[in-house]
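**Student:** My structure is below; once you've seen it, I'll send some questions.
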Amino acid sequence: MTNHWVDIKNADVVLIMGGNAAEAHPCGFKWVTEAKAHNKARLVVVDPRFTRSAAMADYYAPIRVGTDIAFLGGVINYLIGNNKLQMEYVKQYTNAPFLLTDQYKFSEGIFSGYNEAKRSYDPSSWGYQKDKDGFARVDETLQDPLCVFQVMKAHYSRYTPELVSKICGTPKDAFLKVCEYIATSAGPDRAMTVMYALGWTQHSQGSQMIRTAAIMQLLLGNIGIPGGGMNALRGHSNIQGLTDLGLLTNSLPGYLTLPREAEQDYDKYLETRTLKPLRPNQMSYWSNYPKFHVSLMKAWYGNAATKENNWAYNFLPKLDKNYDVLQAFELMGQGKINGYICQGFNPLASFPHKAKINAGLAKLKFLIVIDPLATETADFWKNYGVYNDVKTAEIKTEVFRLPSTCFAEEDGSLTNSGRWLQWHWKGANPPGEARTDVDIMAELFQRIKALYVKDGGAYPDPILALTWPYRIARSPSAEELAMEYNGKAITDVLAPPNPKDPKAPQAVLAQAGQQLAGFGLLRDDGSTAAGCWIYTGCWTQAGNQMARRDNADPFGIGQTLNWAWSWPANRRILYNRASSDQSGKPWNAKRKLVFWNGKAWGGSDVPDMRPDAAPDEHVQPFIMTAEGVARLFAPTGMAEGPLPEHYEPFESPMTVNLMSPNNPKAFANPAARVFKGDMEAFGKPKDFPYAATTYRLTEHFHYWTKHVESNAITQPQQFVEIGEDLAKEKGIAHGDKVKVRSNRGEIITVCVVTKRIKALDCNGTKVHTVGIPNHWGFKGVAKMGYLANVLTPFVGDANTQTPEYKAFTVNIEKA
Ligand SMILES: Nc1nc2c(c(=O)[nH]1)N[C@H]1C(S)=C(S)[C@@H](COP(=O)(O)OP(=O)(O)OC[C@H]3O[C@@H](n4cnc5c(=O)[nH]c(N)nc54)[C@H](O)[C@@H]3O)O[C@H]1N2
Ligand SMILES: Nc1nc2c(c(=O)[nH]1)N[C@H]1C(S)=C(S)[C@@H](COP(=O)(O)OP(=O)(O)OC[C@H]3O[C@@H](n4cnc5c(=O)[nH]c(N)nc54)[C@H](O)[C@@H]3O)O[C@H]1N2
Ligand SMILES: [Mo]
């Protein structure tokens with residue numbers, strides 16, 4: 001989230017699209033209710049199904065799965081065409097005035113720089129024109145045909161309401177009605193929040209769906225303000241913490257990145273990540289990358305990380321490719337991964353194309369499952385009849401189960417969607433032999449280290465040199481770990497030298513051994529250590545900030561700065577300097593966030609700006625970009641192009657992409673990675689004519705709650721949902737048994753016939769949607785069911801590799 005849960009109450013318009021908060025985030029949804037009750041907010045829901053969120057909405061519109069870029073591209077076209085923009089914001093706080101070079105081209109769904117054989121882009125033609133000092137050239141009038149605003153306007157002028165309706169199946173009048181609601185948030189004193197989750201992320205172009213919405217929000221001036229923002233509703237408790245701490249295979253803590261194989265040279269590694277401002281006077285925070293990185297290496301390797309050895313850069317693995325989960329199972333299938341540790345992860349149930357996951361696990365030498373429950377994955381080798389029809393005798397994988405605790409049985413902090421780190425205390429001791437994850441990992445590490453000490457090995461150094469400063473080596477405490485993430489001074493941390501008097505003594509900002517108060521104190525000279533720079537400030541000399549529980553709200557807009565601790569720097573709303581105009585005056589006097597008081601920035605939040613950067617210095621609010629402004633057009637960073645473009649899902653009921661009807665190569669995302677063999681496993685509309693999607697039910701949490709009797713009673717049995725039209729066409733009655741097939745497998749289950757899913761007219765094709773809840777499997781106390789992921793395709797988003805669970809095709813018949 002750019003904003004936070006409580007802040008949703010400040011919205012004038014709430015758009016829930018690509019998520020179903022009333023069902024999947026029922027506690028957080030109360031803030032939508034608050035906005036409706038106390039702020040006369042209007043709730044708009046766009047979803048293929050009439051959901052529990054839709055039931056609360058002022059307006060609901062249906063959409064075909066996987067077509068949100070077309071819909072939102074149409075919204076952008078509407079906003080520009082009807083002059084519903086917050087123009088001052090657009091001119092000053094986005095890259096609308098930046099000039100592109102004439103190398104940038106787009107035609108028939110493909111951007112300049114495409115390499116078809118590699119299915120990837122060289123983004124060099126997407127850059128800005130530069131002046132002699134290396135700064136980007138701009139046209140403040142926004143008239144130059146090469147400025148971002150004009151290029152973007154031309155790009156989305158193709159997304160007419162008629163075409164949107166043909167692609168999305170949303171009736172034209174419903175689409176225009178949604179546009180009108182959204183447009184009401186264009187005024188400087190109006191705010192719209194966007195709440196989304198997997199309905200956008202789980203697509204082969206999911207990142208770009210989110211970017212399209214972000215562009216819309218920027219045009220409306222809705223980022224950095226109370227009641228606004230792009231608000232990703234996260235999943236498991238602490239999945240936000242997982243990404244923050246760098247558990248994705250290509251990242252390091254605090255969104256630093258692992259080097260690639262080609263990056264053997266440390267100085268070059270730093271140089272490519274240390275942003276240089278593209279505008280005079282701008283500060284761009286990634287210019288501090290070396291401070292964060294060196295402090296991380298000091299936290300990990302202590303005295304073994306020295307300036308001479310480039311802070312132990314050689315200890316970091318250099319990636320030949322990303323090892324995301326799709327990649328891991330592909331390599332397992334090829335026999336190239338022999339051992340696998342599943343910690344709090346049930347991939348047989350949760351990953352796409354179950355047959356491929358089964359086959360991969362069966363090729364392993366060993367599988368370790370660390371989990372409080374008996375999962376499907378741990379039993380992948382056992383035959384459960386139709387639900388897991390495997391040949392046990394042929395599977396040689398050795399499976400180890402290590403029982404762990406769950407969150408309620410340990411102390412620690414959880415980071416919520418709004419970036420709040422909230423400390424919690426254990427509620428019960430774990431049963432039986434269960435041990436905490438930290439203890440399990442710590443003992444594994446100790447034992448592996450002992451083996452390296454005893455036997456040597458190819459390259460034991462990174463393991464032998466790792467710091468392990470915990471009181472009990474086999475049981476680091478949550479407090480110790482939190483303090484390590486926060487970071488401390490190794491030697492005294494000094495203020496920078498005074499440029500006017502370089503010989504004057506430098507003030508001591510933190511004494512050796514002290515916990516650091518904030519990441520502004522981090523240094524790249526080895527004097528500081530911090531395990532995750534964005535968490536610096538969570539455990540200071542003043543103690544555990546995450547345990548604070550003071551809900552005082554002096555401005556009355558939910559900015560409770562003394563409740564828990566929010567990264568970064570206890571800032572609650574990101575880019576909050578954008579809540580005031582260029583002169584520092586709040587856009588909305590009723591909802592003041594951060595403003596200039598004549599001497600400094602202040603207000604109801606921690607300013608996302610150097611506190612004394614006077615407005616006439618023109619330091620811009622989006623300090624994490626080199627531009628200092630937000631990117632409508634992304635010259636780098638996106639795999640499939642600088643402007644989002646609609647592509648069809650890899651499995652679609654349509655045969656052409658109406659945005660580029662003459663170019664079959666732009667049918668589905670041209671930059672998405674598809675493994676050999678998986679392209680062939682995609683179904684064709686003649687065999688699989690119906691759109692399908694998978695989703696959650698409030699009564700169950702993934703695959704765990706079927707172990708609990710009360711949950712099993714509230715949703716006792718697997719089912720799929722179809723609309724009345726399709727039921728009639730297929731002669732299926734409510735409660736009938738049906739067989740649902742994709743090109744990868746079939747499931748047999750009970751059919752719910754509902755008014756909540758309607759057939760859509762997509763350019764003359766009648767598109768039916770089959771809805772498939774996620775939660776069943778063959779372990780637990782609930783009635784057994786098929787894993788929904790028997791059906792889903794093995795392809796992911798081109799940037800994140802999140803699988804395309806939300807849009808694929810099936811056939812259905814009475815069983
Ligand atoms: N009770 C309960 N709550 C949960 C969970 C749970 O298992 N049970 N899981 C948690 C986790 S890990 C996560 S990540 C979150 C997920 O939270 P959500 O993303 O809200 O959950 P889903 O039900 O998977 O999907 C949301 C909606 O996306 C819609 N959708 C599908 N395809 C499209 C599309 O192409 N466009 C649009 N606009 N909408 C589409 C579906 O119809 C569905 O209503 O929930 C969390 N909360
Ligand atoms: N078709 C389809 N598939 C999906 C999705 C979808 O929408 N559609 N959604 C995807 C999403 S968003 C997600 S997040 C994944 C979820 O996929 P998984 O994370 O694989 O599924 P869970 O059942 O939540 O598995 C988590 C496991 O962690 C265990 N656990 C709980 N607490 C602890 C703990 O403290 N320590 C340890 N070691 N284990 C613990 C639980 O018992 C459980 O077995 O599913 C994905 N799969
Ligand atoms: Mo999730």
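Residues in the structure tokens are numbered from 1 in each chain, the chains being A, B, ... in the order shown, and ligands are numbered from 1 in the order shown.
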All residues within 7 Å of ligand 1 are required, counting only C-alpha atoms and all ligand atoms; please report them as a ChimeraX atom specification.

**Tutor:** /A:17-21,23-25,46-49,51,63-68,196-200,233-236,693-702,806-807

**Student:** Could you find all residues in segment 654-726 of chain A that DSSP calls alpha helix (DSSP H) from the backbone, and write them as a list in words?

**Tutor:** Glu709, Ser710, Asn711, Ala712, Ile713, Thr714, Glu724, Asp725 and Leu726 of chain A

**Student:** Go through the chains and note each residue within 7 Å of ligand 2, using only C-alpha atoms and all ligand atoms, then give the set as number ranges by chain.

**Tutor:** A: 198, 235-236, 343-347, 349-352, 370-373, 375, 404-407, 437, 694-696, 701-704, 774, 788-789, 792, 805-806

**Student:** Okay, now the selection with N, CA, C and O atoms, as a compact mmCIF listing (two decimals), in the first residue's frame?

**Tutor:**
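What ended up in again19.txt:
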```txt
# COMPACT_ATOMS: atom_id res chain seq x y z
N LEU A 198 -5.21 -9.98 -6.02
CA LEU A 198 -4.80 -10.98 -7.00
C LEU A 198 -5.54 -10.91 -8.32
O LEU A 198 -5.07 -11.42 -9.32
N GLY A 235 -1.58 -10.75 1.29
CA GLY A 235 -2.21 -12.04 1.53
C GLY A 235 -1.98 -12.59 2.92
O GLY A 235 -2.62 -12.19 3.88
N HIS A 236 -1.02 -13.51 3.06
CA HIS A 236 -0.72 -14.08 4.36
C HIS A 236 -0.24 -12.98 5.29
O HIS A 236 0.41 -12.04 4.85
N GLN A 343 9.10 -24.45 3.39
CA GLN A 343 8.85 -23.92 4.73
C GLN A 343 7.61 -23.03 4.69
O GLN A 343 7.63 -21.95 4.09
N GLY A 344 6.52 -23.48 5.30
CA GLY A 344 5.27 -22.71 5.25
C GLY A 344 4.78 -22.55 3.84
O GLY A 344 4.35 -21.48 3.43
N PHE A 345 4.83 -23.62 3.07
CA PHE A 345 4.52 -23.54 1.64
C PHE A 345 4.01 -24.92 1.23
O PHE A 345 4.63 -25.92 1.56
N ASN A 346 2.90 -24.91 0.51
CA ASN A 346 2.24 -26.16 0.13
C ASN A 346 2.06 -26.19 -1.39
O ASN A 346 0.96 -26.09 -1.90
N PRO A 347 3.18 -26.27 -2.12
CA PRO A 347 3.12 -26.04 -3.57
C PRO A 347 2.27 -27.04 -4.34
O PRO A 347 1.71 -26.68 -5.39
N ALA A 349 -0.54 -27.99 -3.63
CA ALA A 349 -1.88 -27.42 -3.63
C ALA A 349 -1.90 -26.04 -4.28
O ALA A 349 -2.83 -25.69 -5.00
N SER A 350 -0.86 -25.24 -4.05
CA SER A 350 -0.96 -23.82 -4.39
C SER A 350 -0.31 -23.45 -5.71
O SER A 350 -0.51 -22.34 -6.19
N PHE A 351 0.48 -24.34 -6.30
CA PHE A 351 1.11 -23.95 -7.55
C PHE A 351 0.36 -24.49 -8.76
O PHE A 351 -0.37 -25.45 -8.67
N PRO A 352 0.50 -23.82 -9.91
CA PRO A 352 -0.31 -24.19 -11.06
C PRO A 352 0.12 -25.53 -11.67
O PRO A 352 1.26 -25.95 -11.51
N ILE A 370 8.62 -28.07 6.36
CA ILE A 370 8.59 -27.45 7.70
C ILE A 370 7.22 -26.80 7.84
O ILE A 370 6.94 -25.78 7.21
N ASP A 371 6.34 -27.39 8.65
CA ASP A 371 4.94 -26.94 8.67
C ASP A 371 4.26 -27.47 9.93
O ASP A 371 4.57 -28.58 10.37
N PRO A 372 3.35 -26.71 10.51
CA PRO A 372 2.63 -27.24 11.67
C PRO A 372 1.61 -28.31 11.27
O PRO A 372 1.15 -29.07 12.12
N LEU A 373 1.22 -28.32 9.97
CA LEU A 373 0.15 -29.24 9.54
C LEU A 373 0.69 -30.31 8.59
O LEU A 373 1.77 -30.15 8.01
N THR A 375 0.58 -31.50 5.21
CA THR A 375 0.13 -30.85 3.96
C THR A 375 0.05 -31.85 2.81
O THR A 375 0.63 -32.93 2.86
N SER A 404 6.57 -27.36 12.80
CA SER A 404 6.90 -26.01 13.27
C SER A 404 5.73 -25.44 14.05
O SER A 404 4.64 -26.00 14.06
N THR A 405 5.98 -24.31 14.68
CA THR A 405 4.91 -23.58 15.33
C THR A 405 4.19 -22.74 14.30
O THR A 405 4.60 -22.64 13.14
N CYS A 406 3.10 -22.10 14.69
CA CYS A 406 2.53 -21.06 13.84
C CYS A 406 2.60 -19.74 14.61
O CYS A 406 2.98 -19.72 15.78
N PHE A 407 2.29 -18.62 13.92
CA PHE A 407 2.57 -17.29 14.46
C PHE A 407 2.06 -17.07 15.89
O PHE A 407 2.67 -16.37 16.67
N ASP A 437 10.22 -21.73 13.62
CA ASP A 437 10.98 -21.72 12.37
C ASP A 437 12.40 -21.24 12.61
O ASP A 437 13.35 -21.75 12.02
N THR A 694 -10.04 -18.50 -10.50
CA THR A 694 -10.03 -19.13 -9.17
C THR A 694 -10.00 -18.04 -8.10
O THR A 694 -9.49 -16.95 -8.35
N TYR A 695 -10.54 -18.33 -6.93
CA TYR A 695 -10.65 -17.28 -5.91
C TYR A 695 -10.91 -17.86 -4.53
O TYR A 695 -10.99 -19.07 -4.36
N ARG A 696 -11.02 -16.94 -3.54
CA ARG A 696 -11.14 -17.31 -2.14
C ARG A 696 -12.55 -17.20 -1.60
O ARG A 696 -13.36 -16.46 -2.14
N PHE A 701 -9.17 -20.41 4.82
CA PHE A 701 -7.90 -19.78 4.53
C PHE A 701 -7.03 -20.82 3.83
O PHE A 701 -6.59 -21.81 4.43
N HIS A 702 -6.81 -20.57 2.52
CA HIS A 702 -6.01 -21.49 1.72
C HIS A 702 -6.37 -22.94 2.02
O HIS A 702 -7.54 -23.29 2.08
N TYR A 703 -5.31 -23.73 2.30
CA TYR A 703 -5.53 -25.17 2.47
C TYR A 703 -5.43 -25.57 3.93
O TYR A 703 -5.40 -26.73 4.24
N TRP A 704 -5.34 -24.55 4.84
CA TRP A 704 -5.15 -24.93 6.25
C TRP A 704 -6.45 -25.23 6.96
O TRP A 704 -6.52 -26.11 7.80
N ASN A 774 -10.81 -21.97 -4.30
CA ASN A 774 -9.51 -22.61 -4.17
C ASN A 774 -9.34 -23.75 -3.20
O ASN A 774 -8.40 -24.51 -3.33
N ALA A 788 -7.79 -27.30 -7.04
CA ALA A 788 -8.19 -26.46 -8.17
C ALA A 788 -7.04 -26.30 -9.16
O ALA A 788 -7.26 -26.14 -10.37
N ASN A 789 -5.82 -26.38 -8.64
CA ASN A 789 -4.66 -26.16 -9.52
C ASN A 789 -4.33 -27.34 -10.43
O ASN A 789 -3.35 -27.29 -11.17
N THR A 792 -4.95 -25.12 -13.69
CA THR A 792 -4.38 -23.81 -14.04
C THR A 792 -3.09 -23.91 -14.87
O THR A 792 -2.36 -24.88 -14.78
N TYR A 805 -3.23 -17.45 -12.48
CA TYR A 805 -4.32 -18.23 -11.88
C TYR A 805 -5.70 -17.65 -12.18
O TYR A 805 -6.71 -18.27 -11.92
N LYS A 806 -5.71 -16.39 -12.61
CA LYS A 806 -6.99 -15.70 -12.66
C LYS A 806 -7.62 -15.71 -14.05
O LYS A 806 -8.73 -15.21 -14.20
```

**Student:** Pick out the closest residue to Tyr114 of chain A from this set: A:Arg577, A:Arg548, A:Ala671, A:Asp525. Count only C-alpha atoms.

**Tutor:**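 Under the stated criterion, the closest residue is A:Ala671.
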
**Student:** Got a sec: who's within 10 Å of Ala393 of chain A, counting only C-alpha atoms, leaving out chain neighbours fewer than 2 positions off, as a list in words?

**Tutor:** Trp381, Lys382, Asn383, Val390, Lys391, Ile395 and Lys396 of chain A

**Student:** How would you write, as a list in words, the set of residues in segment 342-411 of chain A that DSSP gives as strand (DSSP E)?

**Tutor:**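 Listing strand (DSSP E) positions across segment 342-411 of chain A yields Cys342, Gln343, Phe366, Leu367, Ile368, Val369, Ile370, Glu398, Val399, Phe400, Arg401 and Leu402 of chain A.
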
**Student:** For Ala305 of chain A, which residue out of A:Asp553, A:Glu34, A:Asp612, A:Asp461 is the nearest one, using only C-alpha atoms?

**Tutor:** A:Asp461

**Student:** Need to verify the contact set: Pro277 of chain A, 9 Å, only C-alpha atoms, exclusion of same-chain residues closer than 3 positions in sequence. Can you return it as a short mmCIF file (atom, residue, chain, number, x, y, z; two decimals) with N, CA and C atoms, in the first residue's frame?

**Tutor:**
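Written file, result.cif:
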```
data_model
loop_
_atom_site.label_atom_id
_atom_site.label_comp_id
_atom_site.auth_asym_id
_atom_site.auth_seq_id
_atom_site.Cartn_x
_atom_site.Cartn_y
_atom_site.Cartn_z
N PHE A 135 20.84 16.12 -17.78
CA PHE A 135 19.47 16.20 -17.24
C PHE A 135 18.45 15.96 -18.36
N PRO A 280 17.93 19.04 -12.22
CA PRO A 280 18.76 19.81 -11.31
C PRO A 280 18.05 19.92 -9.95
N ASN A 281 18.80 19.94 -8.87
CA ASN A 281 18.22 20.13 -7.53
C ASN A 281 17.48 18.94 -6.96
N GLN A 282 17.28 17.88 -7.75
CA GLN A 282 16.46 16.79 -7.25
C GLN A 282 17.29 15.92 -6.30
N MET A 283 16.64 15.40 -5.24
CA MET A 283 17.31 14.34 -4.51
C MET A 283 16.64 13.03 -4.92
N SER A 284 17.43 12.00 -5.17
CA SER A 284 16.78 10.72 -5.44
C SER A 284 17.39 9.73 -4.48
N SER A 287 20.26 7.22 -4.53
CA SER A 287 21.67 7.64 -4.58
C SER A 287 22.41 7.14 -3.34
N THR A 625 12.51 7.97 -7.51
CA THR A 625 12.86 7.91 -8.93
C THR A 625 13.98 8.91 -9.21
N ALA A 626 14.69 8.69 -10.31
CA ALA A 626 15.73 9.64 -10.70
C ALA A 626 15.10 10.95 -11.17
N GLU A 627 13.88 10.87 -11.66
CA GLU A 627 13.20 12.06 -12.18
C GLU A 627 12.71 12.95 -11.04
N GLY A 628 12.44 12.37 -9.87
CA GLY A 628 11.83 13.12 -8.77
C GLY A 628 10.33 13.25 -8.94
#
```

**Student:** By how many Å are atom CA of Met1 of chain A and atom CA of Tyr255 of chain A apart?

**Tutor:** 15.2 Å

**Student:** Have a look at A:Leu163, A:Ala96, A:Val438, A:Ala504 and name the one nearest to Ser477 of chain A; count only C-alpha atoms.

**Tutor:**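 Comparing A:Leu163, A:Ala96, A:Val438, A:Ala504 against Ser477 of chain A, the winner is A:Val438.
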